[in-house]
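Just run-v6.pdb here, PDB, C-alpha atoms, pLDDT in the B column:
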```
ATOM      1  CA  MET A   1     -19.515 -17.868  65.683  1.00 69.00           C
ATOM      2  CA  SER A   2     -17.825 -19.444  62.641  1.00 88.00           C
ATOM      3  CA  LYS A   3     -20.449 -17.861  60.331  1.00 87.00           C
ATOM      4  CA  GLU A   4     -19.493 -14.450  61.721  1.00 87.00           C
ATOM      5  CA  ARG A   5     -15.783 -15.131  61.172  1.00 89.00           C
ATOM      6  CA  ALA A   6     -16.465 -16.353  57.630  1.00 88.00           C
ATOM      7  CA  ARG A   7     -18.485 -13.187  56.893  1.00 88.00           C
ATOM      8  CA  ARG A   8     -15.716 -10.916  58.265  1.00 90.00           C
ATOM      9  CA  ARG A   9     -13.073 -12.868  56.305  1.00 91.00           C
ATOM     10  CA  ALA A  10     -15.153 -12.507  53.129  1.00 91.00           C
ATOM     11  CA  GLU A  11     -15.433  -8.751  53.749  1.00 91.00           C
ATOM     12  CA  ARG A  12     -11.678  -8.460  54.299  1.00 92.00           C
ATOM     13  CA  GLU A  13     -10.956 -10.461  51.142  1.00 91.00           C
ATOM     14  CA  ALA A  14     -13.392  -8.334  49.104  1.00 91.00           C
ATOM     15  CA  LEU A  15     -11.796  -5.138  50.434  1.00 91.00           C
ATOM     16  CA  ALA A  16      -8.307  -6.497  49.666  1.00 91.00           C
ATOM     17  CA  ALA A  17      -9.429  -7.457  46.136  1.00 91.00           C
ATOM     18  CA  ARG A  18     -10.772  -3.917  45.533  1.00 92.00           C
ATOM     19  CA  GLU A  19      -7.514  -2.419  46.822  1.00 92.00           C
ATOM     20  CA  ARG A  20      -5.475  -4.742  44.569  1.00 93.00           C
ATOM     21  CA  ALA A  21      -7.589  -3.727  41.565  1.00 92.00           C
ATOM     22  CA  VAL A  22      -7.097  -0.009  42.340  1.00 91.00           C
ATOM     23  CA  ARG A  23      -3.366  -0.533  42.757  1.00 93.00           C
ATOM     24  CA  ALA A  24      -3.157  -2.546  39.505  1.00 92.00           C
ATOM     25  CA  ARG A  25      -4.960   0.229  37.587  1.00 93.00           C
ATOM     26  CA  LYS A  26      -2.596   2.817  39.070  1.00 92.00           C
ATOM     27  CA  VAL A  27       0.493   0.746  38.151  1.00 91.00           C
ATOM     28  CA  ALA A  28      -0.831   0.205  34.601  1.00 90.00           C
ATOM     29  CA  ARG A  29      -1.554   3.935  34.242  1.00 92.00           C
ATOM     30  CA  ARG A  30       1.989   4.798  35.362  1.00 91.00           C
ATOM     31  CA  ALA A  31       3.453   2.238  32.953  1.00 89.00           C
ATOM     32  CA  ARG A  32       1.441   3.665  30.040  1.00 90.00           C
ATOM     33  CA  TRP A  33       2.527   7.198  31.005  1.00 89.00           C
ATOM     34  CA  ARG A  34       6.197   6.172  31.190  1.00 88.00           C
ATOM     35  CA  ALA A  35       5.968   4.390  27.819  1.00 86.00           C
ATOM     36  CA  ALA A  36       4.326   7.417  26.175  1.00 84.00           C
ATOM     37  CA  ARG A  37       6.904   9.779  27.662  1.00 82.00           C
ATOM     38  CA  ALA A  38       9.769   7.537  26.520  1.00 79.00           C
ATOM     39  CA  ALA A  39       8.294   7.288  23.020  1.00 77.00           C
ATOM     40  CA  ALA A  40       7.963  11.067  22.806  1.00 76.00           C
ATOM     41  CA  ALA A  41      11.530  11.589  24.012  1.00 71.00           C
ATOM     42  CA  ARG A  42      12.987   8.994  21.647  1.00 70.00           C
ATOM     43  CA  PRO A  43      14.426  10.547  18.498  1.00 67.00           C
ATOM     44  CA  VAL A  44      12.685   9.764  15.265  1.00 58.00           C
ATOM     45  CA  ARG A  45      14.377   6.935  13.409  1.00 54.00           C
ATOM     46  CA  PRO A  46      16.031   7.888  10.171  1.00 55.00           C
ATOM     47  CA  LEU A  47      14.388   6.622   7.016  1.00 55.00           C
ATOM     48  CA  ALA A  48      17.117   4.049   6.474  1.00 53.00           C
ATOM     49  CA  GLY A  49      16.493   2.598   9.935  1.00 58.00           C
ATOM     50  CA  ALA A  50      12.791   2.390   9.231  1.00 58.00           C
ATOM     51  CA  LEU A  51      13.423   0.624   5.928  1.00 59.00           C
ATOM     52  CA  THR A  52      15.712  -1.991   7.468  1.00 59.00           C
ATOM     53  CA  GLY A  53      13.225  -2.800  10.187  1.00 62.00           C
ATOM     54  CA  GLY A  54      15.323  -1.209  12.915  1.00 60.00           C
ATOM     55  CA  ARG A  55      18.267  -3.559  12.354  1.00 67.00           C
ATOM     56  CA  ARG A  56      21.537  -1.689  12.302  1.00 69.00           C
ATOM     57  CA  ARG A  57      24.751  -3.041  10.887  1.00 73.00           C
ATOM     58  CA  PRO A  58      27.910  -2.577  12.932  1.00 79.00           C
ATOM     59  CA  ASP A  59      29.997   0.486  12.215  1.00 85.00           C
ATOM     60  CA  SER A  60      33.121   0.019  10.094  1.00 90.00           C
ATOM     61  CA  ALA A  61      35.825   2.042   8.389  1.00 90.00           C
ATOM     62  CA  LEU A  62      34.198   1.373   5.012  1.00 88.00           C
ATOM     63  CA  ARG A  63      30.820   2.605   6.280  1.00 90.00           C
ATOM     64  CA  ARG A  64      32.394   5.804   7.624  1.00 90.00           C
ATOM     65  CA  ALA A  65      34.264   6.400   4.348  1.00 90.00           C
ATOM     66  CA  ARG A  66      31.090   5.934   2.329  1.00 90.00           C
ATOM     67  CA  ALA A  67      29.223   8.273   4.645  1.00 91.00           C
ATOM     68  CA  ARG A  68      31.907  10.947   4.130  1.00 93.00           C
ATOM     69  CA  GLN A  69      31.741  10.472   0.366  1.00 93.00           C
ATOM     70  CA  ASP A  70      27.949  10.672   0.350  1.00 93.00           C
ATOM     71  CA  GLY A  71      28.099  13.788   2.516  1.00 94.00           C
ATOM     72  CA  ALA A  72      30.592  15.443   0.165  1.00 94.00           C
ATOM     73  CA  LEU A  73      28.469  14.613  -2.882  1.00 94.00           C
ATOM     74  CA  LEU A  74      25.337  15.883  -1.143  1.00 95.00           C
ATOM     75  CA  ALA A  75      27.096  19.121  -0.155  1.00 96.00           C
ATOM     76  CA  GLY A  76      28.217  19.649  -3.749  1.00 95.00           C
ATOM     77  CA  LEU A  77      24.748  19.040  -5.170  1.00 95.00           C
ATOM     78  CA  VAL A  78      23.128  21.298  -2.567  1.00 96.00           C
ATOM     79  CA  ALA A  79      25.647  24.043  -3.376  1.00 96.00           C
ATOM     80  CA  VAL A  80      25.077  23.767  -7.134  1.00 95.00           C
ATOM     81  CA  ASN A  81      21.304  23.729  -6.708  1.00 95.00           C
ATOM     82  CA  GLY A  82      21.497  26.614  -4.227  1.00 95.00           C
ATOM     83  CA  VAL A  83      23.424  28.786  -6.657  1.00 95.00           C
ATOM     84  CA  LEU A  84      20.996  27.842  -9.418  1.00 95.00           C
ATOM     85  CA  TRP A  85      18.023  28.740  -7.195  1.00 94.00           C
ATOM     86  CA  LEU A  86      19.601  32.125  -6.390  1.00 95.00           C
ATOM     87  CA  PHE A  87      20.281  33.138  -9.997  1.00 94.00           C
ATOM     88  CA  GLU A  88      17.595  31.311 -11.999  1.00 92.00           C
ATOM     89  CA  PRO A  89      14.081  32.798 -11.793  1.00 93.00           C
ATOM     90  CA  SER A  90      12.333  29.942 -13.610  1.00 94.00           C
ATOM     91  CA  TRP A  91      10.677  27.434 -11.283  1.00 94.00           C
ATOM     92  CA  LEU A  92      10.682  24.889 -14.076  1.00 96.00           C
ATOM     93  CA  VAL A  93      14.477  25.004 -14.352  1.00 94.00           C
ATOM     94  CA  ARG A  94      14.894  24.959 -10.562  1.00 95.00           C
ATOM     95  CA  GLY A  95      12.613  21.948 -10.127  1.00 95.00           C
ATOM     96  CA  GLY A  96      14.158  20.177 -13.108  1.00 95.00           C
ATOM     97  CA  ALA A  97      17.654  20.640 -11.715  1.00 95.00           C
ATOM     98  CA  ALA A  98      16.585  19.284  -8.324  1.00 95.00           C
ATOM     99  CA  ALA A  99      14.911  16.269  -9.958  1.00 96.00           C
ATOM    100  CA  ILE A 100      17.939  15.603 -12.170  1.00 96.00           C
ATOM    101  CA  SER A 101      20.189  15.800  -9.094  1.00 95.00           C
ATOM    102  CA  LEU A 102      18.130  13.143  -7.345  1.00 95.00           C
ATOM    103  CA  LEU A 103      17.925  10.890 -10.379  1.00 95.00           C
ATOM    104  CA  ALA A 104      21.638  11.268 -11.170  1.00 94.00           C
ATOM    105  CA  TRP A 105      22.765  10.411  -7.612  1.00 93.00           C
ATOM    106  CA  PRO A 106      23.662   6.731  -8.317  1.00 91.00           C
ATOM    107  CA  LEU A 107      25.542   7.662 -11.488  1.00 92.00           C
ATOM    108  CA  LEU A 108      27.438  10.438  -9.705  1.00 92.00           C
ATOM    109  CA  VAL A 109      28.420   8.050  -6.898  1.00 91.00           C
ATOM    110  CA  VAL A 110      29.878   5.587  -9.400  1.00 91.00           C
ATOM    111  CA  LEU A 111      31.639   8.281 -11.436  1.00 91.00           C
ATOM    112  CA  ALA A 112      33.013  10.278  -8.496  1.00 89.00           C
ATOM    113  CA  PHE A 113      33.992   7.475  -6.118  1.00 88.00           C
ATOM    114  CA  ASP A 114      34.339   4.411  -8.360  1.00 83.00           C
ATOM    115  CA  ARG A 115      31.868   2.356  -6.352  1.00 72.00           C
ATOM    116  CA  HIS A 116      28.523   0.788  -7.048  1.00 68.00           C
ATOM    117  CA  HIS A 117      25.549   2.257  -5.225  1.00 54.00           C
ATOM    118  CA  HIS A 118      23.043  -0.209  -3.790  1.00 58.00           C
TER
END
```

Could you take the file, read its structure, and then write that structure out as structure tokens?
Amino acid sequence: MSKERARRRAEREALAARERAVRARKVARRARWRAARAAAARPVRPLAGALTGGRRRPDSALRRARARQDGALLAGLVAVNGVLWLFEPSWLVRGGAAAISLLAWPLLVVLAFDRHHH
């Protein structure tokens, strides 16, 4: 009689182990799906965030002022380059002006806003 009970208990335990394994696979699959969906929905980090390793400094009045200044300088350079691209047919001049704009950015920041660019 005890051998029969032991056999039935072993069968129940084996069935329960199979059910736990199926459930664990299903839970893991759902977790992977949720993680993939969250990663796809997450906005792409800006380049600056990627360069700092995801660490973000707290917002401040100085940071906002610098962002406004950088935005104004960028708008001015885009406008100048846009006008140049409209009226200048030479690709060499267009590309040179764009390259000079990028290379001159730190100098323009210092000259226009009297601050050092890091």

Checklist entry - Which distance in Å separates CA of Arg57 (chain A) and CA of Arg34 (chain A), to one decimal? => result 29.0 Å

Residue members of the PyMOL selection byres ((chain A and resi 97) around 12) in the file shown, as a compact mmCIF listing (two decimals) with C-alpha atoms, in the frame of the given file:
```
# COMPACT_ATOMS: atom_id res chain seq x y z
CA LEU A 77 24.75 19.04 -5.17
CA VAL A 78 23.13 21.30 -2.57
CA VAL A 80 25.08 23.77 -7.13
CA ASN A 81 21.30 23.73 -6.71
CA GLY A 82 21.50 26.61 -4.23
CA VAL A 83 23.42 28.79 -6.66
CA LEU A 84 21.00 27.84 -9.42
CA TRP A 85 18.02 28.74 -7.20
CA GLU A 88 17.60 31.31 -12.00
CA SER A 90 12.33 29.94 -13.61
CA TRP A 91 10.68 27.43 -11.28
CA LEU A 92 10.68 24.89 -14.08
CA VAL A 93 14.48 25.00 -14.35
CA ARG A 94 14.89 24.96 -10.56
CA GLY A 95 12.61 21.95 -10.13
CA GLY A 96 14.16 20.18 -13.11
CA ALA A 98 16.58 19.28 -8.32
CA ALA A 99 14.91 16.27 -9.96
CA ILE A 100 17.94 15.60 -12.17
CA SER A 101 20.19 15.80 -9.09
CA LEU A 102 18.13 13.14 -7.34
CA LEU A 103 17.92 10.89 -10.38
CA ALA A 104 21.64 11.27 -11.17
```

Mind working out the centre and edge lengths of an axis-aligned box for region 25-29 of chain A, all listed atoms inside, 3 Å added to each side, rounded to one decimal in Å and written as AutoDock Vina command-line options?
```
--center_x -2.2 --center_y 2.1 --center_z 36.7 --size_x 11.5 --size_y 9.7 --size_z 10.8
```

Item to check | CA of Ala112 (chain A) to CA of Leu73 (chain A), straight-line distance in Å | outcome: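 Computed distance, CA of Leu73 (chain A) to CA of Ala112 (chain A), equals 8.4 Å.
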
Checklist outcome for this item: In Å and to one decimal, CA of Glu19 (chain A) is distant from CA of Ala38 (chain A) by 28.5 Å

Checklist entry - Which residue out of A:Ala31, A:Ala16, A:Ala6, A:Val109 has the minimum interatomic distance to Gly71 (chain A) when all atoms listed in the file are used? => result A:Val109

Dump C-alpha atoms of region 9-113 of chain A from the given block, as a tab-separated table (two decimals), in the first residue's frame.
```
chain	number	residue	atom	x	y	z
A	9	ARG	CA	2.90	11.04	-4.91
A	10	ALA	CA	5.85	10.84	-7.32
A	11	GLU	CA	3.45	11.17	-10.27
A	12	ARG	CA	1.75	14.18	-8.68
A	13	GLU	CA	5.10	15.82	-7.95
A	14	ALA	CA	6.32	15.19	-11.52
A	15	LEU	CA	3.09	16.66	-12.93
A	16	ALA	CA	3.39	19.68	-10.61
A	17	ALA	CA	7.04	20.16	-11.66
A	18	ARG	CA	6.04	20.11	-15.36
A	19	GLU	CA	3.26	22.63	-14.69
A	20	ARG	CA	5.68	24.89	-12.78
A	21	ALA	CA	8.15	24.73	-15.67
A	22	VAL	CA	5.42	25.64	-18.20
A	23	ARG	CA	4.26	28.51	-16.00
A	24	ALA	CA	7.85	29.75	-15.52
A	25	ARG	CA	8.44	29.75	-19.30
A	26	LYS	CA	5.19	31.66	-19.82
A	27	VAL	CA	6.10	34.25	-17.15
A	28	ALA	CA	9.60	34.67	-18.65
A	29	ARG	CA	8.13	35.07	-22.14
A	30	ARG	CA	5.73	37.77	-20.89
A	31	ALA	CA	8.57	39.56	-19.09
A	32	ARG	CA	10.72	39.54	-22.24
A	33	TRP	CA	7.76	40.82	-24.29
A	34	ARG	CA	7.08	43.63	-21.80
A	35	ALA	CA	10.77	44.61	-21.74
A	36	ALA	CA	10.96	44.67	-25.55
A	37	ARG	CA	7.76	46.71	-25.80
A	38	ALA	CA	9.01	49.18	-23.17
A	39	ALA	CA	12.36	49.51	-24.95
A	40	ALA	CA	10.62	50.19	-28.26
A	41	ALA	CA	8.33	52.79	-26.68
A	42	ARG	CA	11.16	54.55	-24.84
A	43	PRO	CA	12.41	57.61	-26.70
A	44	VAL	CA	15.91	57.46	-28.06
A	45	ARG	CA	18.39	59.13	-25.73
A	46	PRO	CA	19.97	62.28	-27.04
A	47	LEU	CA	23.63	62.07	-27.92
A	48	ALA	CA	24.62	64.06	-24.86
A	49	GLY	CA	22.82	61.57	-22.61
A	50	ALA	CA	24.58	58.70	-24.31
A	51	LEU	CA	27.96	60.39	-23.86
A	52	THR	CA	27.44	61.02	-20.15
A	53	GLY	CA	26.45	57.43	-19.51
A	54	GLY	CA	22.81	58.30	-18.86
A	55	ARG	CA	23.64	60.54	-15.89
A	56	ARG	CA	21.72	63.78	-16.03
A	57	ARG	CA	22.61	66.88	-14.08
A	58	PRO	CA	19.81	68.71	-12.31
A	59	ASP	CA	18.13	71.53	-14.19
A	60	SER	CA	19.14	75.08	-13.28
A	61	ALA	CA	18.63	78.65	-14.42
A	62	LEU	CA	22.15	78.70	-15.87
A	63	ARG	CA	21.49	75.51	-17.85
A	64	ARG	CA	18.26	76.95	-19.26
A	65	ALA	CA	19.99	80.22	-20.20
A	66	ARG	CA	22.78	78.36	-21.97
A	67	ALA	CA	20.25	76.21	-23.79
A	68	ARG	CA	18.45	79.35	-25.01
A	69	GLN	CA	21.75	80.87	-26.14
A	70	ASP	CA	22.77	77.69	-27.95
A	71	GLY	CA	19.36	77.52	-29.60
A	72	ALA	CA	19.61	81.12	-30.78
A	73	LEU	CA	23.10	80.56	-32.18
A	74	LEU	CA	21.97	77.36	-33.90
A	75	ALA	CA	18.95	79.14	-35.41
A	76	GLY	CA	21.20	81.90	-36.74
A	77	LEU	CA	23.67	79.47	-38.28
A	78	VAL	CA	20.89	77.38	-39.82
A	79	ALA	CA	19.33	80.54	-41.29
A	80	VAL	CA	22.63	81.76	-42.75
A	81	ASN	CA	23.43	78.33	-44.18
A	82	GLY	CA	19.87	77.99	-45.50
A	83	VAL	CA	20.08	81.27	-47.38
A	84	LEU	CA	23.49	80.28	-48.72
A	85	TRP	CA	22.13	76.91	-49.88
A	86	LEU	CA	19.23	78.65	-51.65
A	87	PHE	CA	21.36	81.16	-53.57
A	88	GLU	CA	24.71	79.39	-54.01
A	89	PRO	CA	24.80	76.64	-56.66
A	90	SER	CA	28.27	75.35	-55.77
A	91	TRP	CA	28.24	72.27	-53.55
A	92	LEU	CA	31.81	73.00	-52.54
A	93	VAL	CA	30.85	76.39	-51.10
A	94	ARG	CA	27.74	74.96	-49.43
A	95	GLY	CA	29.66	72.12	-47.79
A	96	GLY	CA	32.51	74.43	-46.82
A	97	ALA	CA	30.12	76.86	-45.16
A	98	ALA	CA	28.46	74.05	-43.21
A	99	ALA	CA	31.86	72.70	-42.10
A	100	ILE	CA	33.07	76.17	-41.10
A	101	SER	CA	29.86	76.69	-39.11
A	102	LEU	CA	30.48	73.50	-37.15
A	103	LEU	CA	34.15	74.23	-36.57
A	104	ALA	CA	33.48	77.86	-35.58
A	105	TRP	CA	30.77	76.95	-33.03
A	106	PRO	CA	33.02	77.21	-29.91
A	107	LEU	CA	34.49	80.51	-31.07
A	108	LEU	CA	31.04	81.93	-31.84
A	109	VAL	CA	29.78	80.90	-28.39
A	110	VAL	CA	32.65	82.75	-26.71
A	111	LEU	CA	32.32	85.83	-28.93
A	112	ALA	CA	28.52	86.07	-28.84
A	113	PHE	CA	27.82	85.15	-25.22
```
